[in-house]
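run_24.pdb follows (PDB, C-alpha atoms and all ligand atoms):
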ATOM      1  CA  MET A   1      57.985  16.072  -6.234
ATOM      2  CA  SER A   2      59.522  13.680  -3.811
ATOM      3  CA  ASN A   3      57.710  10.612  -2.614
ATOM      4  CA  GLY A   4      59.012   8.682   0.345
ATOM      5  CA  ASN A   5      62.559   8.002   1.311
ATOM      6  CA  PRO A   6      65.358   6.865  -0.924
ATOM      7  CA  ALA A   7      65.711   3.113  -1.270
ATOM      8  CA  PRO A   8      69.466   2.758  -1.342
ATOM      9  CA  THR A   9      71.046   1.067  -4.283
ATOM     10  CA  ALA A  10      74.709   0.403  -4.751
ATOM     11  CA  PRO A  11      76.558   2.364  -7.399
ATOM     12  CA  ARG A  12      78.615   0.615  -9.995
ATOM     13  CA  THR A  13      82.081   2.015 -10.108
ATOM     14  CA  THR A  14      84.248   1.356 -13.061
ATOM     15  CA  SER A  15      87.170   3.092 -11.417
ATOM     16  CA  LEU A  16      87.780   5.231  -8.390
ATOM     17  CA  PRO A  17      86.598   8.816  -8.908
ATOM     18  CA  GLY A  18      89.093  11.474  -8.064
ATOM     19  CA  GLY A  19      89.601  13.912 -10.883
ATOM     20  CA  ASP A  20      91.753  13.700 -13.952
ATOM     21  CA  ALA A  21      94.124  10.771 -13.938
ATOM     22  CA  ALA A  22      96.852  10.336 -16.496
ATOM     23  CA  ASP A  23      94.336   8.520 -18.680
ATOM     24  CA  GLY A  24      91.521  11.050 -18.207
ATOM     25  CA  PRO A  25      88.776  11.713 -15.657
ATOM     26  CA  ARG A  26      87.351   8.822 -13.695
ATOM     27  CA  VAL A  27      83.615   8.291 -13.751
ATOM     28  CA  GLN A  28      81.375   6.655 -11.142
ATOM     29  CA  VAL A  29      78.107   5.373 -12.603
ATOM     30  CA  LEU A  30      75.181   6.030 -10.238
ATOM     31  CA  PRO A  31      72.207   3.825 -11.130
ATOM     32  CA  ALA A  32      68.586   4.965 -11.273
ATOM     33  CA  ARG A  33      65.768   3.475  -9.251
ATOM     34  CA  PRO A  34      62.107   3.585 -10.286
ATOM     35  CA  VAL A  35      59.897   5.686  -7.997
ATOM     36  CA  PRO A  36      56.117   6.035  -8.417
ATOM     37  CA  LEU A  37      55.137   9.692  -7.976
ATOM     38  CA  GLY A  38      51.861   8.739  -6.324
ATOM     39  CA  GLY A  39      48.216   9.133  -7.193
ATOM     40  CA  PRO A  40      45.783   6.614  -8.627
ATOM     41  CA  ARG A  41      47.587   6.405 -11.980
ATOM     42  CA  ALA A  42      51.100   6.856 -10.689
ATOM     43  CA  MET A  43      53.666   8.159 -13.097
ATOM     44  CA  THR A  44      56.979   6.430 -12.456
ATOM     45  CA  VAL A  45      60.240   8.356 -12.552
ATOM     46  CA  ARG A  46      63.880   7.263 -12.549
ATOM     47  CA  ARG A  47      65.653   8.788  -9.550
ATOM     48  CA  THR A  48      69.431   9.118  -9.482
ATOM     49  CA  LEU A  49      69.797  11.712  -6.689
ATOM     50  CA  PRO A  50      69.745  11.341  -3.796
ATOM     51  CA  GLN A  51      71.005   7.799  -3.373
ATOM     52  CA  ARG A  52      73.028   5.919  -0.803
ATOM     53  CA  ASP A  53      76.423   7.054  -1.937
ATOM     54  CA  ARG A  54      75.597  10.518  -3.142
ATOM     55  CA  THR A  55      73.327  13.189  -1.678
ATOM     56  CA  LEU A  56      74.434  16.132  -3.791
ATOM     57  CA  ILE A  57      76.401  17.145  -6.876
ATOM     58  CA  GLY A  58      77.253  20.764  -6.154
ATOM     59  CA  ALA A  59      73.927  22.065  -4.837
ATOM     60  CA  TRP A  60      71.968  19.700  -7.123
ATOM     61  CA  CYS A  61      70.214  17.410  -4.654
ATOM     62  CA  PHE A  62      67.392  15.735  -6.544
ATOM     63  CA  VAL A  63      67.305  14.312 -10.069
ATOM     64  CA  ASP A  64      64.127  12.674 -11.381
ATOM     65  CA  HIS A  65      64.075  11.647 -15.046
ATOM     66  CA  TYR A  66      60.861  10.518 -16.706
ATOM     67  CA  GLY A  67      59.556   9.398 -20.059
ATOM     68  CA  PRO A  68      59.124   9.371 -22.890
ATOM     69  CA  ASP A  69      55.714   8.369 -21.532
ATOM     70  CA  ASP A  70      52.562   7.968 -23.593
ATOM     71  CA  VAL A  71      50.203  10.159 -21.603
ATOM     72  CA  ALA A  72      47.202   8.149 -22.849
ATOM     73  CA  ALA A  73      48.631   5.173 -20.945
ATOM     74  CA  THR A  74      50.152   6.832 -17.873
ATOM     75  CA  GLY A  75      47.666   9.628 -17.306
ATOM     76  CA  GLY A  76      50.503  12.147 -17.460
ATOM     77  CA  MET A  77      51.438  14.432 -14.601
ATOM     78  CA  ASP A  78      48.910  15.746 -12.111
ATOM     79  CA  VAL A  79      50.552  16.902  -8.905
ATOM     80  CA  ALA A  80      48.176  18.828  -6.649
ATOM     81  CA  PRO A  81      49.367  21.870  -4.659
ATOM     82  CA  HIS A  82      52.197  20.891  -2.321
ATOM     83  CA  PRO A  83      54.813  22.860  -0.371
ATOM     84  CA  HIS A  84      58.580  23.293  -0.607
ATOM     85  CA  THR A  85      61.222  24.827   1.663
ATOM     86  CA  GLY A  86      64.953  25.468   1.385
ATOM     87  CA  LEU A  87      65.327  24.608  -2.286
ATOM     88  CA  GLN A  88      64.796  25.628  -5.897
ATOM     89  CA  THR A  89      63.046  23.412  -8.453
ATOM     90  CA  ALA A  90      64.322  23.414 -12.017
ATOM     91  CA  SER A  91      61.891  21.942 -14.533
ATOM     92  CA  TRP A  92      63.285  20.928 -17.928
ATOM     93  CA  LEU A  93      61.338  19.127 -20.636
ATOM     94  CA  PHE A  94      62.322  17.247 -23.791
ATOM     95  CA  SER A  95      58.714  16.706 -24.889
ATOM     96  CA  GLY A  96      55.254  17.742 -23.705
ATOM     97  CA  GLU A  97      54.000  20.702 -21.721
ATOM     98  CA  ILE A  98      53.303  21.259 -18.008
ATOM     99  CA  GLU A  99      51.085  23.924 -16.503
ATOM    100  CA  HIS A 100      52.638  25.439 -13.384
ATOM    101  CA  ARG A 101      50.779  27.447 -10.745
ATOM    102  CA  ASP A 102      52.357  28.677  -7.535
ATOM    103  CA  SER A 103      51.607  30.738  -4.440
ATOM    104  CA  LEU A 104      53.504  33.744  -5.836
ATOM    105  CA  GLY A 105      50.678  33.896  -8.340
ATOM    106  CA  SER A 106      52.831  32.558 -11.172
ATOM    107  CA  HIS A 107      50.923  30.770 -13.917
ATOM    108  CA  ALA A 108      53.407  29.437 -16.443
ATOM    109  CA  PHE A 109      53.850  26.695 -19.011
ATOM    110  CA  VAL A 110      56.949  24.524 -18.921
ATOM    111  CA  ARG A 111      57.991  23.693 -22.473
ATOM    112  CA  PRO A 112      60.923  21.838 -24.046
ATOM    113  CA  GLY A 113      64.189  23.777 -23.988
ATOM    114  CA  GLU A 114      62.870  26.361 -21.512
ATOM    115  CA  LEU A 115      64.042  26.667 -17.919
ATOM    116  CA  ASN A 116      61.498  27.246 -15.183
ATOM    117  CA  LEU A 117      63.276  27.880 -11.896
ATOM    118  CA  MET A 118      61.144  28.192  -8.787
ATOM    119  CA  THR A 119      62.719  29.355  -5.535
ATOM    120  CA  ALA A 120      60.965  28.039  -2.444
ATOM    121  CA  GLY A 121      63.142  29.853   0.072
ATOM    122  CA  TRP A 122      61.238  30.027   3.369
ATOM    123  CA  GLY A 123      58.149  28.530   1.741
ATOM    124  CA  ILE A 124      56.124  28.196  -1.454
ATOM    125  CA  SER A 125      53.463  25.875  -2.805
ATOM    126  CA  HIS A 126      52.747  24.878  -6.391
ATOM    127  CA  SER A 127      50.898  22.489  -8.677
ATOM    128  CA  GLU A 128      52.125  20.809 -11.867
ATOM    129  CA  VAL A 129      49.792  19.338 -14.464
ATOM    130  CA  SER A 130      50.591  18.126 -17.973
ATOM    131  CA  THR A 131      48.378  19.933 -20.467
ATOM    132  CA  PRO A 132      45.635  18.254 -22.547
ATOM    133  CA  GLN A 133      47.721  18.885 -25.681
ATOM    134  CA  THR A 134      50.530  16.716 -24.311
ATOM    135  CA  THR A 135      50.749  13.262 -25.899
ATOM    136  CA  VAL A 136      54.305  12.362 -24.846
ATOM    137  CA  LEU A 137      55.772  13.558 -21.552
ATOM    138  CA  HIS A 138      59.555  13.442 -21.244
ATOM    139  CA  GLY A 139      61.812  15.496 -19.017
ATOM    140  CA  VAL A 140      63.520  16.006 -15.698
ATOM    141  CA  GLN A 141      62.669  17.536 -12.358
ATOM    142  CA  LEU A 142      65.727  18.846 -10.543
ATOM    143  CA  TRP A 143      66.145  20.352  -7.093
ATOM    144  CA  ILE A 144      68.845  22.744  -5.965
ATOM    145  CA  ALA A 145      69.631  23.011  -2.233
ATOM    146  CA  LEU A 146      69.821  26.599  -1.007
ATOM    147  CA  PRO A 147      72.860  27.458   1.153
ATOM    148  CA  GLU A 148      72.369  28.542   4.756
ATOM    149  CA  GLN A 149      72.396  32.283   3.987
ATOM    150  CA  ASP A 150      69.689  31.941   1.325
ATOM    151  CA  ARG A 151      67.472  29.136   2.515
ATOM    152  CA  HIS A 152      64.956  31.490   4.115
ATOM    153  CA  THR A 153      64.869  33.887   1.158
ATOM    154  CA  ALA A 154      61.657  35.102  -0.478
ATOM    155  CA  ARG A 155      59.882  32.877  -2.980
ATOM    156  CA  ASP A 156      60.652  33.550  -6.650
ATOM    157  CA  PHE A 157      59.970  32.205 -10.142
ATOM    158  CA  ARG A 158      62.127  32.653 -13.251
ATOM    159  CA  HIS A 159      61.669  31.628 -16.851
ATOM    160  CA  HIS A 160      64.572  31.541 -19.313
ATOM    161  CA  VAL A 161      64.967  30.234 -22.853
ATOM    162  CA  PRO A 162      68.644  29.550 -23.582
ATOM    163  CA  ASP A 163      69.974  29.699 -27.130
ATOM    164  CA  LEU A 164      70.708  26.445 -28.914
ATOM    165  CA  VAL A 165      74.412  26.800 -29.687
ATOM    166  CA  PRO A 166      76.321  24.594 -32.138
ATOM    167  CA  LEU A 167      79.497  22.860 -30.948
ATOM    168  CA  ARG A 168      81.953  20.643 -32.754
ATOM    169  CA  GLY A 169      80.117  17.312 -32.617
ATOM    170  CA  GLY A 170      76.829  18.562 -31.233
ATOM    171  CA  ARG A 171      74.828  21.371 -29.652
ATOM    172  CA  VAL A 172      74.291  22.834 -26.189
ATOM    173  CA  ARG A 173      71.666  24.769 -24.276
ATOM    174  CA  VAL A 174      73.111  26.327 -21.092
ATOM    175  CA  PHE A 175      70.249  26.971 -18.669
ATOM    176  CA  LEU A 176      72.339  27.720 -15.546
ATOM    177  CA  GLY A 177      75.954  28.810 -15.224
ATOM    178  CA  THR A 178      78.596  28.940 -17.935
ATOM    179  CA  LEU A 179      79.690  26.395 -20.540
ATOM    180  CA  ALA A 180      81.151  26.600 -24.036
ATOM    181  CA  GLY A 181      81.208  30.396 -23.927
ATOM    182  CA  GLN A 182      77.518  30.619 -23.027
ATOM    183  CA  THR A 183      76.359  32.072 -19.713
ATOM    184  CA  SER A 184      72.816  31.881 -18.368
ATOM    185  CA  PRO A 185      71.501  35.207 -17.036
ATOM    186  CA  VAL A 186      69.595  33.384 -14.269
ATOM    187  CA  PRO A 187      71.347  34.022 -10.934
ATOM    188  CA  THR A 188      72.066  31.140  -8.552
ATOM    189  CA  CYS A 189      72.869  31.149  -4.832
ATOM    190  CA  THR A 190      75.904  28.891  -5.261
ATOM    191  CA  PRO A 191      77.925  28.423  -8.454
ATOM    192  CA  LEU A 192      76.084  25.932 -10.646
ATOM    193  CA  LEU A 193      76.131  24.448 -14.098
ATOM    194  CA  GLY A 194      73.067  23.086 -15.879
ATOM    195  CA  ALA A 195      73.113  22.340 -19.602
ATOM    196  CA  GLU A 196      71.496  20.059 -22.165
ATOM    197  CA  VAL A 197      74.044  18.632 -24.572
ATOM    198  CA  ALA A 198      73.241  16.872 -27.842
ATOM    199  CA  VAL A 199      75.953  14.712 -29.410
ATOM    200  CA  ASP A 200      75.796  13.747 -33.074
ATOM    201  CA  PRO A 201      75.919  10.058 -34.085
ATOM    202  CA  SER A 202      79.451   8.634 -33.922
ATOM    203  CA  ALA A 203      80.806  11.967 -32.695
ATOM    204  CA  SER A 204      82.278  13.494 -29.560
ATOM    205  CA  VAL A 205      81.882  16.824 -27.810
ATOM    206  CA  THR A 206      84.823  18.050 -25.743
ATOM    207  CA  LEU A 207      84.063  20.659 -23.105
ATOM    208  CA  THR A 208      86.264  22.738 -20.838
ATOM    209  CA  VAL A 209      84.790  22.599 -17.341
ATOM    210  CA  ASP A 210      85.583  24.209 -13.987
ATOM    211  CA  PRO A 211      88.014  21.978 -12.054
ATOM    212  CA  GLY A 212      86.519  23.307  -8.799
ATOM    213  CA  PHE A 213      83.194  21.707  -9.728
ATOM    214  CA  GLU A 214      82.023  18.152  -9.349
ATOM    215  CA  HIS A 215      79.836  17.068 -12.277
ATOM    216  CA  GLY A 216      77.047  14.675 -13.109
ATOM    217  CA  VAL A 217      76.063  13.518 -16.584
ATOM    218  CA  LEU A 218      72.487  12.242 -16.844
ATOM    219  CA  VAL A 219      72.021  10.277 -20.048
ATOM    220  CA  ASP A 220      68.611  10.835 -21.602
ATOM    221  CA  GLN A 221      69.144   8.929 -24.826
ATOM    222  CA  GLY A 222      71.891   7.374 -26.865
ATOM    223  CA  ASP A 223      74.920   5.156 -26.437
ATOM    224  CA  VAL A 224      76.959   7.597 -24.359
ATOM    225  CA  ARG A 225      80.512   7.401 -23.051
ATOM    226  CA  VAL A 226      81.487   9.929 -20.392
ATOM    227  CA  ALA A 227      85.227  10.191 -20.831
ATOM    228  CA  GLU A 228      85.765   6.492 -21.663
ATOM    229  CA  THR A 229      83.047   5.131 -19.370
ATOM    230  CA  PRO A 230      79.708   3.914 -20.791
ATOM    231  CA  VAL A 231      76.778   5.460 -18.900
ATOM    232  CA  PRO A 232      73.471   3.705 -19.621
ATOM    233  CA  ARG A 233      70.320   5.636 -20.410
ATOM    234  CA  GLY A 234      68.712   7.081 -17.288
ATOM    235  CA  GLU A 235      71.862   6.721 -15.181
ATOM    236  CA  LEU A 236      74.170   9.402 -13.836
ATOM    237  CA  GLY A 237      77.911   9.524 -14.427
ATOM    238  CA  TYR A 238      79.657  11.297 -11.536
ATOM    239  CA  LEU A 239      82.989  13.107 -11.796
ATOM    240  CA  ALA A 240      84.746  14.443  -8.701
ATOM    241  CA  PRO A 241      86.332  17.908  -8.684
ATOM    242  CA  GLY A 242      89.566  18.114 -10.616
ATOM    243  CA  THR A 243      88.191  17.543 -14.102
ATOM    244  CA  ARG A 244      89.219  20.257 -16.581
ATOM    245  CA  THR A 245      88.274  18.668 -19.888
ATOM    246  CA  LEU A 246      85.262  16.457 -20.381
ATOM    247  CA  THR A 247      84.691  14.416 -23.519
ATOM    248  CA  LEU A 248      81.196  13.106 -24.199
ATOM    249  CA  THR A 249      81.002  10.506 -26.945
ATOM    250  CA  ASN A 250      78.032   9.150 -28.829
ATOM    251  CA  ALA A 251      79.031   5.617 -29.827
ATOM    252  CA  GLY A 252      75.697   4.971 -31.538
ATOM    253  CA  ASN A 253      74.203   5.867 -34.895
ATOM    254  CA  VAL A 254      71.312   7.993 -33.613
ATOM    255  CA  PRO A 255      71.586  11.355 -31.810
ATOM    256  CA  ALA A 256      72.437  11.302 -28.110
ATOM    257  CA  ARG A 257      71.156  13.699 -25.486
ATOM    258  CA  LEU A 258      72.285  14.289 -21.925
ATOM    259  CA  LEU A 259      72.218  16.801 -19.103
ATOM    260  CA  LEU A 260      75.453  18.095 -17.618
ATOM    261  CA  LEU A 261      75.070  19.279 -14.012
ATOM    262  CA  GLY A 262      77.813  20.683 -11.814
ATOM    263  CA  GLY A 263      78.898  22.867  -8.954
ATOM    264  CA  PRO A 264      81.477  23.074  -6.180
ATOM    265  CA  PRO A 265      80.866  20.533  -3.392
ATOM    266  CA  PHE A 266      78.006  21.931  -1.289
ATOM    267  CA  GLY A 267      79.772  21.707   2.063
ATOM    268  CA  GLU A 268      76.638  21.705   4.241
ATOM    269  CA  GLU A 269      74.678  18.765   5.571
ATOM    270  CA  ILE A 270      70.989  18.794   4.697
ATOM    271  CA  VAL A 271      67.855  17.004   5.810
ATOM    272  CA  MET A 272      65.492  16.120   2.956
ATOM    273  CA  TRP A 273      62.048  14.795   3.756
ATOM    274  CA  TRP A 274      59.009  14.808   1.452
ATOM    275  CA  ASN A 275      59.204  18.211  -0.253
ATOM    276  CA  PHE A 276      61.202  19.987   2.423
ATOM    277  CA  ILE A 277      64.891  20.664   2.871
ATOM    278  CA  GLY A 278      66.143  21.795   6.260
ATOM    279  CA  ARG A 279      69.177  21.405   8.446
ATOM    280  CA  GLY A 280      67.669  19.333  11.222
ATOM    281  CA  HIS A 281      64.646  17.314  12.308
ATOM    282  CA  GLU A 282      62.937  20.318  13.906
ATOM    283  CA  ASP A 283      63.007  22.287  10.617
ATOM    284  CA  ILE A 284      61.041  19.498   8.967
ATOM    285  CA  VAL A 285      58.587  19.086  11.851
ATOM    286  CA  ALA A 286      57.841  22.834  11.774
ATOM    287  CA  ALA A 287      57.385  22.974   7.992
ATOM    288  CA  ARG A 288      55.091  19.957   8.016
ATOM    289  CA  GLU A 289      52.984  21.349  10.850
ATOM    290  CA  GLU A 290      52.616  24.734   9.100
ATOM    291  CA  TRP A 291      51.590  23.094   5.818
ATOM    292  CA  GLU A 292      49.040  20.899   7.572
ATOM    293  CA  ARG A 293      47.380  23.830   9.294
ATOM    294  CA  GLY A 294      47.433  26.055   6.203
ATOM    295  CA  ALA A 295      49.863  28.649   7.557
ATOM    296  CA  ALA A 296      50.699  31.722   5.477
ATOM    297  CA  ARG A 297      54.255  30.432   5.117
ATOM    298  CA  PHE A 298      53.304  28.498   1.980
ATOM    299  CA  GLY A 299      50.686  30.835   0.528
ATOM    300  CA  THR A 300      47.836  29.607  -1.649
ATOM    301  CA  VAL A 301      47.792  28.172  -5.155
ATOM    302  CA  HIS A 302      44.865  29.520  -7.143
ATOM    303  CA  GLY A 303      43.311  27.815 -10.142
ATOM    304  CA  TYR A 304      44.103  24.174  -9.437
ATOM    305  CA  PRO A 305      40.912  22.128  -9.775
ATOM    306  CA  GLY A 306      41.166  19.997  -6.666
ATOM    307  CA  GLU A 307      42.440  19.613  -3.147
ATOM    308  CA  ARG A 308      45.995  20.220  -2.051
ATOM    309  CA  LEU A 309      48.226  17.318  -1.020
ATOM    310  CA  PRO A 310      48.381  16.390   2.653
ATOM    311  CA  ALA A 311      51.823  15.729   4.109
ATOM    312  CA  PRO A 312      52.621  12.111   4.908
ATOM    313  CA  ALA A 313      53.205  11.056   8.517
ATOM    314  CA  LEU A 314      56.657  11.728   9.901
ATOM    315  CA  PRO A 315      58.833   8.710  10.618
ATOM    316  CA  HIS A 316      59.008   7.628  14.253
ATOM    317  CA  SER A 317      62.748   8.162  14.373
ATOM    318  CA  SER A 318      64.434  11.558  14.218
ATOM    319  CA  LEU A 319      65.453  12.659  10.724
ATOM    320  CA  LYS A 320      69.224  12.816  10.458
ATOM    321  CA  PRO A 321      71.228  15.208   8.301
ATOM    322  CA  ARG A 322      72.744  13.613   5.250
ATOM    323  CA  GLY A 323      76.314  14.455   4.538
ATOM    324  CA  ASN A 324      77.973  13.774   1.288
ATOM    325  CA  PRO A 325      80.561  11.070   1.788
ATOM    326  CA  ALA A 326      83.696  11.319  -0.240
ATOM    327  CA  PRO A 327      83.532   9.124  -3.325
ATOM    328  CA  ARG A 328      84.731   5.662  -2.401
ATOM    329  CA  ARG A 329      85.512   2.452  -4.126
ATOM    330  CA  ALA A 330      82.433   0.264  -4.516
ATOM    331  CA  ALA A 331      82.403  -3.421  -5.298
ATOM    332  CA  PRO A 332      82.228  -3.706  -9.075
ATOM    333  CA  SER A 333      79.046  -5.433 -10.140
ATOM    334  CA  ARG A 334      79.703  -5.703 -13.848
TER     335      ARG A 334
HETATM  336 MN    MN B 401      57.122  20.400  -6.403
END
Give the structure from the file, written as structure tokens.
Amino acid sequence: MSNGNPAPTAPRTTSLPGGDAADGPRVQVLPARPVPLGGPRAMTVRRTLPQRDRTLIGAWCFVDHYGPDDVAATGGMDVAPHPHTGLQTASWLFSGEIEHRDSLGSHAFVRPGELNLMTAGWGISHSEVSTPQTTVLHGVQLWIALPEQDRHTARDFRHHVPDLVPLRGGRVRVFLGTLAGQTSPVPTCTPLLGAEVAVDPSASVTLTVDPGFEHGVLVDQGDVRVAETPVPRGELGYLAPGTRTLTLTNAGNVPARLLLLGGPPFGEEIVMWWNFIGRGHEDIVAAREEWERGAARFGTVHGYPGERLPAPALPHSSLKPRGNPAPRRAAPSR
């Protein structure tokens, strides 16, 4: 879940993004910032979306990457019931297990290699707790912005286990959209791509991608080059629309793992605050007020042993929609 407002950090740009150049696609490296998730033993995540220079990649609007964390030291994940609006959450683990409960009545376990996609639509609430069996917690929490025509849709929850498919140089699990001949059966409201890609030591994987999509490559582990650009662990390599062929290289001698996210530019401005997405300040004020008074909009989570999370105070200033500025040249910092 979100906690507070983004603290802007400057991206490092090795070259100007803008699709395939004669020498291949150009990659903008978006750095991660550490964000404590809250609670007495706060688990810290690495957040790469949103940040100052990028609000969305396709409809992907939130990327938190965490672990591998020794749960004995961090306390693991324990997020009490909290609300969402206007978005979907995609939970994807590399290690560990999370118990999910929501106000649809879903009671599910998030496990490595399995997609759990929760649609908030008009409103949902859920809790997320790492299980007692979990010793190492490692994964991502992703949000997908719903387009105007779907943002008030009914709440929903989907579970899908994609096949692990061999590729030349590695393997892929396609959890949303289409890649490498694999198509996820999970429907999306806007075209999207979400896949985990493993790259063998000293090998490359070359993928044909949709040139109408912009893409982000989140590096989970390994010495990864996106096209020719090194992307450090935990950071996000951004590619503007126009890329048709994407080569992911593992320059190291241990396996590399990354997430490939994509979609056509979202084209709508959004307001993100706490766990809500709306289109203007009043959407957020209304959602917060309804959560605080326990309105039916968010339903009830059953089975969580504790109180639900109160919303934080609204800022004094009006929340402004965040557009998605065109990629621009940033001062190189390395
Ligand atoms: Mn949540």
Sorted by chain and rising residue number, list the residues of chain A at most 10 Å from ligand MN 401 (chain B) (counting all atoms listed in the file), each with its closest atom pair and distance in Å to one decimal, as JSON lines.
{"residue": "A:Met1", "atom": "CA", "partner": "B:MN401", "partner_atom": "MN", "distance": 4.4}
{"residue": "A:Ser2", "atom": "CA", "partner": "B:MN401", "partner_atom": "MN", "distance": 7.6}
{"residue": "A:Val79", "atom": "CA", "partner": "B:MN401", "partner_atom": "MN", "distance": 7.9}
{"residue": "A:Ala80", "atom": "CA", "partner": "B:MN401", "partner_atom": "MN", "distance": 9.1}
{"residue": "A:Pro81", "atom": "CA", "partner": "B:MN401", "partner_atom": "MN", "distance": 8.1}
{"residue": "A:His82", "atom": "CA", "partner": "B:MN401", "partner_atom": "MN", "distance": 6.4}
{"residue": "A:Pro83", "atom": "CA", "partner": "B:MN401", "partner_atom": "MN", "distance": 6.9}
{"residue": "A:His84", "atom": "CA", "partner": "B:MN401", "partner_atom": "MN", "distance": 6.6}
{"residue": "A:Gln88", "atom": "CA", "partner": "B:MN401", "partner_atom": "MN", "distance": 9.3}
{"residue": "A:Thr89", "atom": "CA", "partner": "B:MN401", "partner_atom": "MN", "distance": 7.0}
{"residue": "A:Ala90", "atom": "CA", "partner": "B:MN401", "partner_atom": "MN", "distance": 9.6}
{"residue": "A:Ser91", "atom": "CA", "partner": "B:MN401", "partner_atom": "MN", "distance": 9.6}
{"residue": "A:His100", "atom": "CA", "partner": "B:MN401", "partner_atom": "MN", "distance": 9.7}
{"residue": "A:Asp102", "atom": "CA", "partner": "B:MN401", "partner_atom": "MN", "distance": 9.6}
{"residue": "A:Met118", "atom": "CA", "partner": "B:MN401", "partner_atom": "MN", "distance": 9.1}
{"residue": "A:Ala120", "atom": "CA", "partner": "B:MN401", "partner_atom": "MN", "distance": 9.4}
{"residue": "A:Ile124", "atom": "CA", "partner": "B:MN401", "partner_atom": "MN", "distance": 9.3}
{"residue": "A:Ser125", "atom": "CA", "partner": "B:MN401", "partner_atom": "MN", "distance": 7.5}
{"residue": "A:His126", "atom": "CA", "partner": "B:MN401", "partner_atom": "MN", "distance": 6.3}
{"residue": "A:Ser127", "atom": "CA", "partner": "B:MN401", "partner_atom": "MN", "distance": 6.9}
{"residue": "A:Glu128", "atom": "CA", "partner": "B:MN401", "partner_atom": "MN", "distance": 7.4}
{"residue": "A:Gln141", "atom": "CA", "partner": "B:MN401", "partner_atom": "MN", "distance": 8.6}
{"residue": "A:Leu142", "atom": "CA", "partner": "B:MN401", "partner_atom": "MN", "distance": 9.7}
{"residue": "A:Trp143", "atom": "CA", "partner": "B:MN401", "partner_atom": "MN", "distance": 9.0}
{"residue": "A:Trp274", "atom": "CA", "partner": "B:MN401", "partner_atom": "MN", "distance": 9.8}
{"residue": "A:Asn275", "atom": "CA", "partner": "B:MN401", "partner_atom": "MN", "distance": 6.9}
{"residue": "A:Phe276", "atom": "CA", "partner": "B:MN401", "partner_atom": "MN", "distance": 9.7}
(message) Could you check the closest approach to Glu292 in chain A for each of A:Pro310, A:Pro166, A:Pro265, A:Gly24 and tell me which residue wins, using all atoms listed in the file?
(response) A:Pro310
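The protein and nucleic acid residues lying at most 6 Å from Thr249 in chain A are Ala203, Ser204, Val224 and Arg225 of chain A, with all atoms listed in the file considered and sequence neighbours fewer than 3 positions away removed.
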Residues picked by the PyMOL selection byres (((chain A and resi 280) around 9) and not hetatm) here, as a PDB file with C-alpha atoms, keeping the file's coordinate frame?
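So expr-v3.pdb came out as:
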ATOM      1  CA  ILE A 270      70.989  18.794   4.697  1.00  0.00           C
ATOM      2  CA  VAL A 271      67.855  17.004   5.810  1.00  0.00           C
ATOM      3  CA  ILE A 277      64.891  20.664   2.871  1.00  0.00           C
ATOM      4  CA  GLY A 278      66.143  21.795   6.260  1.00  0.00           C
ATOM      5  CA  ARG A 279      69.177  21.405   8.446  1.00  0.00           C
ATOM      6  CA  HIS A 281      64.646  17.314  12.308  1.00  0.00           C
ATOM      7  CA  GLU A 282      62.937  20.318  13.906  1.00  0.00           C
ATOM      8  CA  ASP A 283      63.007  22.287  10.617  1.00  0.00           C
ATOM      9  CA  ILE A 284      61.041  19.498   8.967  1.00  0.00           C
ATOM     10  CA  SER A 318      64.434  11.558  14.218  1.00  0.00           C
ATOM     11  CA  LEU A 319      65.453  12.659  10.724  1.00  0.00           C
ATOM     12  CA  LYS A 320      69.224  12.816  10.458  1.00  0.00           C
ATOM     13  CA  PRO A 321      71.228  15.208   8.301  1.00  0.00           C
TER      14      PRO A 321
END
(message) Assuming the chain letters and numbering stay as they are in my file, what does the PyMOL selection byres (((chain A and resi 179) around 8) and not hetatm) actually select? List them as number ranges by chain.
(response) A: 174, 177-178, 180-183, 193, 195, 207-209
(message) With the PyMOL selection byres (((chain A and resi 201) around 7) and not hetatm) as the selection, what would be picked from this file? Answer as a ChimeraX atom specification, please.
(response) /A:199-200,202-203,250-255
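In this comparison, which uses all atoms listed in the file, the residue of A:Asp70, A:Gly306, A:His138, A:Asp78 approaching Leu93 in chain A most closely is A:His138.
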Selecting N, CA, C and O atoms, how would range 102-106 of chain A from this structure be written as a JSON list (two decimals), in the first residue's frame?
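See selection32.json below for the written result:
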[["chain", "number", "residue", "atom", "x", "y", "z"],
["A", 102, "ASP", "N", -10.23, -9.86, 1.42],
["A", 102, "ASP", "CA", -10.82, -8.62, 0.94],
["A", 102, "ASP", "C", -12.32, -8.60, 1.18],
["A", 102, "ASP", "O", -12.92, -9.59, 1.62],
["A", 103, "SER", "N", -12.93, -7.44, 0.87],
["A", 103, "SER", "CA", -14.34, -7.22, 1.17],
["A", 103, "SER", "C", -15.28, -7.83, 0.13],
["A", 103, "SER", "O", -16.50, -7.71, 0.25],
["A", 104, "LEU", "N", -14.72, -8.52, -0.88],
["A", 104, "LEU", "CA", -15.53, -9.41, -1.72],
["A", 104, "LEU", "C", -15.79, -10.72, -1.00],
["A", 104, "LEU", "O", -16.60, -11.52, -1.43],
["A", 105, "GLY", "N", -14.98, -10.96, 0.04],
["A", 105, "GLY", "CA", -14.99, -12.26, 0.70],
["A", 105, "GLY", "C", -13.86, -13.15, 0.24],
["A", 105, "GLY", "O", -13.77, -14.30, 0.66],
["A", 106, "SER", "N", -12.99, -12.64, -0.62],
["A", 106, "SER", "CA", -11.85, -13.46, -1.07],
["A", 106, "SER", "C", -10.92, -13.73, 0.10],
["A", 106, "SER", "O", -10.64, -12.84, 0.92]]
